Amino acid sequence: ARRTRIHHLQQAKDEGRRFAMLTAYDQYTAEIFDAAGIEVLLIGDSASNNVLGNETSLPITVDEMLPLCRAVARSARSAFVVADLPFGSYEVSPAQAVETGVRFLKETGVHAVKMEGGAYYADTVRALVQAGVPVMAHIGFTPQSEHALGGYRVQGRGDDAGRLIDDALALEAAGAFAVLMEMVPAEAAAKVDQALHVPTVGIGAGPSTTGQVLVWQDMVGLRGGKMAKFVKQYADVRSIISDAAAAFRSDVQDGAFPGPEHSF
Ligand code: KIV
Ligand code: NA
């Protein structure tokens, strides 16, 4: 299939269609999601807590992100591939953000970056876009600011809905090609989507955004433990893998594996 590009995502918004986005951090998931028609793949900084074993997204570095981005970009034939700018790699100045963003496009083959932050980062978004680095903005709950925000909390409730719209408009005016909203009331997200010309993407933002994104390990039930309210689990991959590992161990102990058909 043809490569999904920014203008296709814009067309979806203009024509009232939806698109799907999933995280991917490696070759096979990228191949599978790409072949399934997922329009956008995200190498999220959530690799920090979904791949690298950290508690939060804060510790992951650019150097840790780059190889994952390379794997996904090489494996996706049709999807539009977006990489998260990790915590500490863009906040210092627009110049720092451009240096980081250029590294991602140049060294990995991803097509765009995603960046957390509101209107305060409009100049940074503008600098990236002028440098040729497309930007998906990320507002609402921004996990890199967990400590500043006082934990995982819904953003944009009540009067704060106005600020969400102001942030989104400022980021769109700065050149963001899309605005992602995380954990905001469905009504506020719908207002933002209506206020914007560019497509929106939601995670815990209700049904009115142009796109929807999930972390793939949540989507297929690979991750154990309690899921956030906004997750829909489409499979129980953790059980499948767990059962396979137990069956393998049992076969090894019984001498049932390897059989003659596995031996030289
Ligand atoms: O890092 C991530 O996985 C994300 C999304 C789920 C929005 O930023
Ligand atoms: Na992220």
# chains A, B, ... in the order shown; residues from 1 in each chain; ligands from 1

$ closest_atom_pairs --of "region 138-224 of chain A" --to "region 118-131 of chain A" --cutoff "10 Å" --atoms "only C-alpha atoms" --output "Markdown table"
| residue | atom | partner | partner_atom | distance |
| --- | --- | --- | --- | --- |
| A:His138 | CA | A:Gly118 | CA | 7.7 |
| A:Ile139 | CA | A:Gly118 | CA | 6.0 |
| A:Gly140 | CA | A:Gly118 | CA | 8.4 |
| A:Thr142 | CA | A:Gly118 | CA | 9.6 |
| A:Arg163 | CA | A:Gly118 | CA | 9.0 |
| A:Leu164 | CA | A:Gly118 | CA | 8.0 |
| A:Ile165 | CA | A:Gly118 | CA | 9.8 |
| A:Asp166 | CA | A:Ala119 | CA | 7.2 |
| A:Asp167 | CA | A:Ala119 | CA | 4.5 |
| A:Ala168 | CA | A:Gly118 | CA | 7.1 |
| A:Leu169 | CA | A:Ala119 | CA | 8.1 |
| A:Ala170 | CA | A:Ala119 | CA | 5.3 |
| A:Leu171 | CA | A:Ala122 | CA | 5.4 |
| A:Glu172 | CA | A:Ala122 | CA | 8.5 |
| A:Ala173 | CA | A:Ala122 | CA | 8.0 |
| A:Ala174 | CA | A:Arg126 | CA | 4.8 |
| A:Gly175 | CA | A:Arg126 | CA | 6.0 |
| A:Ala176 | CA | A:Val125 | CA | 6.7 |
| A:Phe177 | CA | A:Val129 | CA | 9.2 |

$ write_last_selection --atoms "N, CA and C atoms" --output "mmCIF file, in the first residue's frame"
data_model
loop_
_atom_site.group_PDB
_atom_site.id
_atom_site.type_symbol
_atom_site.label_atom_id
_atom_site.label_comp_id
_atom_site.auth_asym_id
_atom_site.auth_seq_id
_atom_site.Cartn_x
_atom_site.Cartn_y
_atom_site.Cartn_z
ATOM 1 N N HIS A 138 1.622 17.232 21.750
ATOM 2 C CA HIS A 138 1.024 16.336 22.755
ATOM 3 C C HIS A 138 0.667 17.185 23.965
ATOM 4 N N ILE A 139 -0.661 17.327 24.200
ATOM 5 C CA ILE A 139 -1.132 18.161 25.316
ATOM 6 C C ILE A 139 -2.088 17.360 26.194
ATOM 7 N N GLY A 140 -2.637 18.017 27.210
ATOM 8 C CA GLY A 140 -3.466 17.331 28.187
ATOM 9 C C GLY A 140 -2.552 16.749 29.248
ATOM 10 N N THR A 142 0.599 15.066 30.189
ATOM 11 C CA THR A 142 1.892 14.851 29.532
ATOM 12 C C THR A 142 2.792 14.125 30.529
ATOM 13 N N ARG A 163 -7.947 26.564 28.384
ATOM 14 C CA ARG A 163 -6.490 26.579 28.202
ATOM 15 C C ARG A 163 -6.043 25.493 27.228
ATOM 16 N N LEU A 164 -6.747 24.366 27.287
ATOM 17 C CA LEU A 164 -6.435 23.266 26.361
ATOM 18 C C LEU A 164 -6.629 23.738 24.911
ATOM 19 N N ILE A 165 -7.726 24.442 24.675
ATOM 20 C CA ILE A 165 -8.009 24.956 23.327
ATOM 21 C C ILE A 165 -6.950 25.992 22.936
ATOM 22 N N ASP A 166 -6.604 26.895 23.864
ATOM 23 C CA ASP A 166 -5.574 27.911 23.580
ATOM 24 C C ASP A 166 -4.244 27.240 23.228
ATOM 25 N N ASP A 167 -3.874 26.219 24.014
ATOM 26 C CA ASP A 167 -2.620 25.497 23.735
ATOM 27 C C ASP A 167 -2.666 24.881 22.335
ATOM 28 N N ALA A 168 -3.771 24.219 22.038
ATOM 29 C CA ALA A 168 -3.901 23.531 20.744
ATOM 30 C C ALA A 168 -3.821 24.527 19.592
ATOM 31 N N LEU A 169 -4.499 25.655 19.738
ATOM 32 C CA LEU A 169 -4.486 26.661 18.668
ATOM 33 C C LEU A 169 -3.081 27.237 18.481
ATOM 34 N N ALA A 170 -2.382 27.480 19.574
ATOM 35 C CA ALA A 170 -1.020 28.030 19.483
ATOM 36 C C ALA A 170 -0.080 27.037 18.798
ATOM 37 N N LEU A 171 -0.248 25.754 19.095
ATOM 38 C CA LEU A 171 0.620 24.730 18.511
ATOM 39 C C LEU A 171 0.299 24.532 17.037
ATOM 40 N N GLU A 172 -0.984 24.602 16.698
ATOM 41 C CA GLU A 172 -1.374 24.521 15.283
ATOM 42 C C GLU A 172 -0.807 25.719 14.520
ATOM 43 N N ALA A 173 -0.940 26.914 15.107
ATOM 44 C CA ALA A 173 -0.430 28.121 14.446
ATOM 45 C C ALA A 173 1.088 28.034 14.254
ATOM 46 N N ALA A 174 1.759 27.342 15.156
ATOM 47 C CA ALA A 174 3.218 27.192 15.065
ATOM 48 C C ALA A 174 3.617 26.160 14.017
ATOM 49 N N GLY A 175 2.631 25.398 13.500
ATOM 50 C CA GLY A 175 2.934 24.478 12.413
ATOM 51 C C GLY A 175 2.797 23.005 12.740
ATOM 52 N N ALA A 176 2.328 22.672 13.946
ATOM 53 C CA ALA A 176 2.115 21.245 14.269
ATOM 54 C C ALA A 176 1.139 20.645 13.263
ATOM 55 N N PHE A 177 1.445 19.439 12.766
ATOM 56 C CA PHE A 177 0.566 18.819 11.762
ATOM 57 C C PHE A 177 -0.585 18.055 12.406
#

$ residues_near_ligand --ligand "ligand 2" --cutoff "8 Å" --atoms "only C-alpha atoms and all ligand atoms" --output "list in words"
Gly44, Asp45, Ser46, Ser57, Asp84, Pro86, Lys114, Met115, Glu116, Thr142, Pro143 and Gln144 of chain A

$ atom_distance --atom1 "CA of Lys226 (chain A)" --atom2 "CA of Gly37 (chain A)"
28.2 Å

$ closest_residue --among "A:Ala235, A:Cys69, A:Ala195, A:Leu42" --to "ligand 1" --atoms "only C-alpha atoms and all ligand atoms"
A:Leu42

$ closest_residue --among "A:Ala76, A:Val40, A:Val201, A:Ala189" --to "ligand 1" --atoms "only C-alpha atoms and all ligand atoms"
A:Val201

$ select_by_dssp --residues "region 182-229 of chain A" --states "strand (DSSP E or B)" --output "ChimeraX atom specification"
/A:182,200-203,211-214

$ atom_distance --atom1 "CA of Val133 (chain A)" --atom2 "CA of Arg3 (chain A)"
17.6 Å

$ atom_distance --atom1 "CA of Ala97 (chain A)" --atom2 "CA of Asp63 (chain A)"
14.9 Å

$ closest_residue --among "A:Val213, A:Leu68, A:Met219, A:Val198" --to "Gln11 (chain A)" --atoms "only C-alpha atoms"
A:Val198

$ residues_around --residues "Gln217 (chain A)" --least-positions-apart "5" --cutoff "9 Å" --atoms "only C-alpha atoms" --output "PyMOL selection string"
chain A and resi 23+50+222-223+237

$ write_last_selection --atoms "N, CA and C atoms" --output "PDB file, in the first residue's frame"
ATOM      1  N   THR A  23       1.681   2.303  19.300  1.00  0.00           N
ATOM      2  CA  THR A  23       3.116   2.326  19.540  1.00  0.00           C
ATOM      3  C   THR A  23       3.729   1.074  18.918  1.00  0.00           C
ATOM      4  N   ASN A  50       7.843   0.329  28.993  1.00  0.00           N
ATOM      5  CA  ASN A  50       7.239  -0.851  28.364  1.00  0.00           C
ATOM      6  C   ASN A  50       8.259  -1.789  27.740  1.00  0.00           C
ATOM      7  N   LEU A 222      -0.375  -7.719  26.739  1.00  0.00           N
ATOM      8  CA  LEU A 222       0.947  -8.283  27.050  1.00  0.00           C
ATOM      9  C   LEU A 222       1.395  -7.840  28.432  1.00  0.00           C
ATOM     10  N   ARG A 223       1.152  -6.588  28.728  1.00  0.00           N
ATOM     11  CA  ARG A 223       1.501  -6.044  30.038  1.00  0.00           C
ATOM     12  C   ARG A 223       0.543  -6.613  31.080  1.00  0.00           C
ATOM     13  N   VAL A 237      -2.432 -11.701  25.113  1.00  0.00           N
ATOM     14  CA  VAL A 237      -1.148 -12.219  24.638  1.00  0.00           C
ATOM     15  C   VAL A 237      -0.257 -12.670  25.802  1.00  0.00           C
TER      16      VAL A 237
END

$ closest_residue --among "A:Leu214, A:Ala178, A:Leu196, A:Ala35" --to "ligand 1" --atoms "only C-alpha atoms and all ligand atoms"
A:Leu214

$ closest_residue --among "A:Gly225, A:Gly255, A:Gly150, A:Gly211" --to "Ala20 (chain A)" --atoms "only C-alpha atoms"
A:Gly211

$ closest_residue --among "A:Met183, A:Val215, A:Ala83, A:Ile241" --to "ligand 1" --atoms "only C-alpha atoms and all ligand atoms"
A:Val215

$ residues_around --residues "Asp236 (chain A)" --least-positions-apart "2" --cutoff "6 Å" --atoms "only C-alpha atoms" --output "PyMOL selection string"
chain A and resi 220-221+238-239

$ residues_around --residues "Ser75 (chain A)" --least-positions-apart "4" --cutoff "8 Å" --atoms "only C-alpha atoms" --output "NGL selection string"
:A and (27-28 or 30-31 or 71)

$ write_last_selection --atoms "N, CA and C atoms" --output "tab-separated table (two decimals), in the first residue's frame"
chain	number	residue	atom	x	y	z
A	27	GLN	N	10.99	-4.56	15.31
A	27	GLN	CA	10.78	-5.02	13.94
A	27	GLN	C	9.44	-5.73	13.73
A	28	TYR	N	9.16	-6.77	14.52
A	28	TYR	CA	7.98	-7.59	14.22
A	28	TYR	C	6.67	-6.86	14.52
A	30	ALA	N	6.24	-3.70	14.37
A	30	ALA	CA	6.10	-2.70	13.31
A	30	ALA	C	5.56	-3.36	12.04
A	31	GLU	N	6.13	-4.52	11.69
A	31	GLU	CA	5.67	-5.25	10.49
A	31	GLU	C	4.19	-5.64	10.60
A	71	ALA	N	14.66	0.48	13.94
A	71	ALA	CA	14.01	-0.82	13.72
A	71	ALA	C	12.60	-0.64	13.17

$ select_by_dssp --residues "region 178-216 of chain A" --states "alpha helix (DSSP H)" --output "PyMOL selection string"
chain A and resi 186-195+216

$ write_last_selection --atoms "N, CA and C atoms" --output "CSV table (one decimal), in the first residue's frame"
chain,number,residue,atom,x,y,z
A,186,ALA,N,-13.9,14.0,27.3
A,186,ALA,CA,-14.3,13.8,25.9
A,186,ALA,C,-14.9,15.1,25.4
A,187,GLU,N,-15.6,15.8,26.2
A,187,GLU,CA,-16.2,17.1,25.7
A,187,GLU,C,-15.2,18.1,25.4
A,188,ALA,N,-14.2,18.2,26.2
A,188,ALA,CA,-13.1,19.2,26.0
A,188,ALA,C,-12.3,18.8,24.7
A,189,ALA,N,-12.1,17.5,24.5
A,189,ALA,CA,-11.3,17.0,23.3
A,189,ALA,C,-12.2,17.3,22.1
A,190,ALA,N,-13.5,17.2,22.2
A,190,ALA,CA,-14.3,17.4,21.0
A,190,ALA,C,-14.3,18.9,20.6
A,191,LYS,N,-14.2,19.8,21.6
A,191,LYS,CA,-14.1,21.2,21.4
A,191,LYS,C,-12.8,21.6,20.7
A,192,VAL,N,-11.7,20.9,21.2
A,192,VAL,CA,-10.4,21.2,20.6
A,192,VAL,C,-10.4,20.7,19.2
A,193,ASP,N,-11.0,19.5,18.9
A,193,ASP,CA,-11.0,19.0,17.5
A,193,ASP,C,-11.8,20.0,16.6
A,194,GLN,N,-12.9,20.5,17.1
A,194,GLN,CA,-13.7,21.4,16.3
A,194,GLN,C,-12.9,22.7,16.1
A,195,ALA,N,-12.1,23.2,17.1
A,195,ALA,CA,-11.4,24.5,16.9
A,195,ALA,C,-10.3,24.4,16.0
A,216,TRP,N,0.8,-0.6,22.4
A,216,TRP,CA,0.5,-1.9,21.9
A,216,TRP,C,0.4,-3.0,23.0

$ residues_around --residues "Arg70 (chain A)" --least-positions-apart "2" --cutoff "10 Å" --atoms "only C-alpha atoms" --output "NGL selection string"
:A and (25-27 or 43 or 65-68 or 72-75 or 104-105 or 107-110)

$ write_last_selection --atoms "C-alpha atoms" --output "mmCIF file, in the first residue's frame"
data_model
loop_
_atom_site.group_PDB
_atom_site.id
_atom_site.type_symbol
_atom_site.label_atom_id
_atom_site.label_comp_id
_atom_site.auth_asym_id
_atom_site.auth_seq_id
_atom_site.Cartn_x
_atom_site.Cartn_y
_atom_site.Cartn_z
ATOM 1 C CA TYR A 25 9.347 -0.403 19.388
ATOM 2 C CA ASP A 26 10.727 -3.230 17.281
ATOM 3 C CA GLN A 27 10.776 -5.018 13.939
ATOM 4 C CA ILE A 43 8.037 4.945 18.917
ATOM 5 C CA MET A 65 15.426 5.674 21.528
ATOM 6 C CA LEU A 66 17.392 5.827 18.262
ATOM 7 C CA PRO A 67 17.916 2.063 17.685
ATOM 8 C CA LEU A 68 14.225 1.360 18.392
ATOM 9 C CA VAL A 72 10.467 0.495 13.331
ATOM 10 C CA ALA A 73 11.260 2.850 10.440
ATOM 11 C CA ARG A 74 12.998 0.028 8.538
ATOM 12 C CA SER A 75 10.088 -2.369 9.107
ATOM 13 C CA PHE A 104 15.835 11.433 14.764
ATOM 14 C CA LEU A 105 14.968 11.999 11.096
ATOM 15 C CA GLU A 107 19.770 8.774 11.876
ATOM 16 C CA THR A 108 16.647 6.598 12.018
ATOM 17 C CA GLY A 109 14.350 7.300 9.059
ATOM 18 C CA VAL A 110 11.291 8.282 11.112
#

$ residues_around --residues "Ala228 (chain A)" --least-positions-apart "3" --cutoff "9 Å" --atoms "only C-alpha atoms" --output "list in words"
Gly204, Asp218, Val231 and Lys232 of chain A

$ write_last_selection --atoms "N, CA and C atoms" --output "compact mmCIF listing (two decimals), in the first residue's frame"
# COMPACT_ATOMS: atom_id res chain seq x y z
N GLY A 204 -7.56 8.32 25.85
CA GLY A 204 -8.33 8.78 27.00
C GLY A 204 -8.91 10.15 26.75
N ASP A 218 -0.57 -2.75 25.91
CA ASP A 218 -1.87 -2.64 26.58
C ASP A 218 -2.97 -3.19 25.68
N VAL A 231 -7.92 2.17 28.26
CA VAL A 231 -7.42 1.06 27.44
C VAL A 231 -8.54 0.09 27.11
N LYS A 232 -8.61 -0.31 25.85
CA LYS A 232 -9.42 -1.48 25.49
C LYS A 232 -8.44 -2.60 25.12
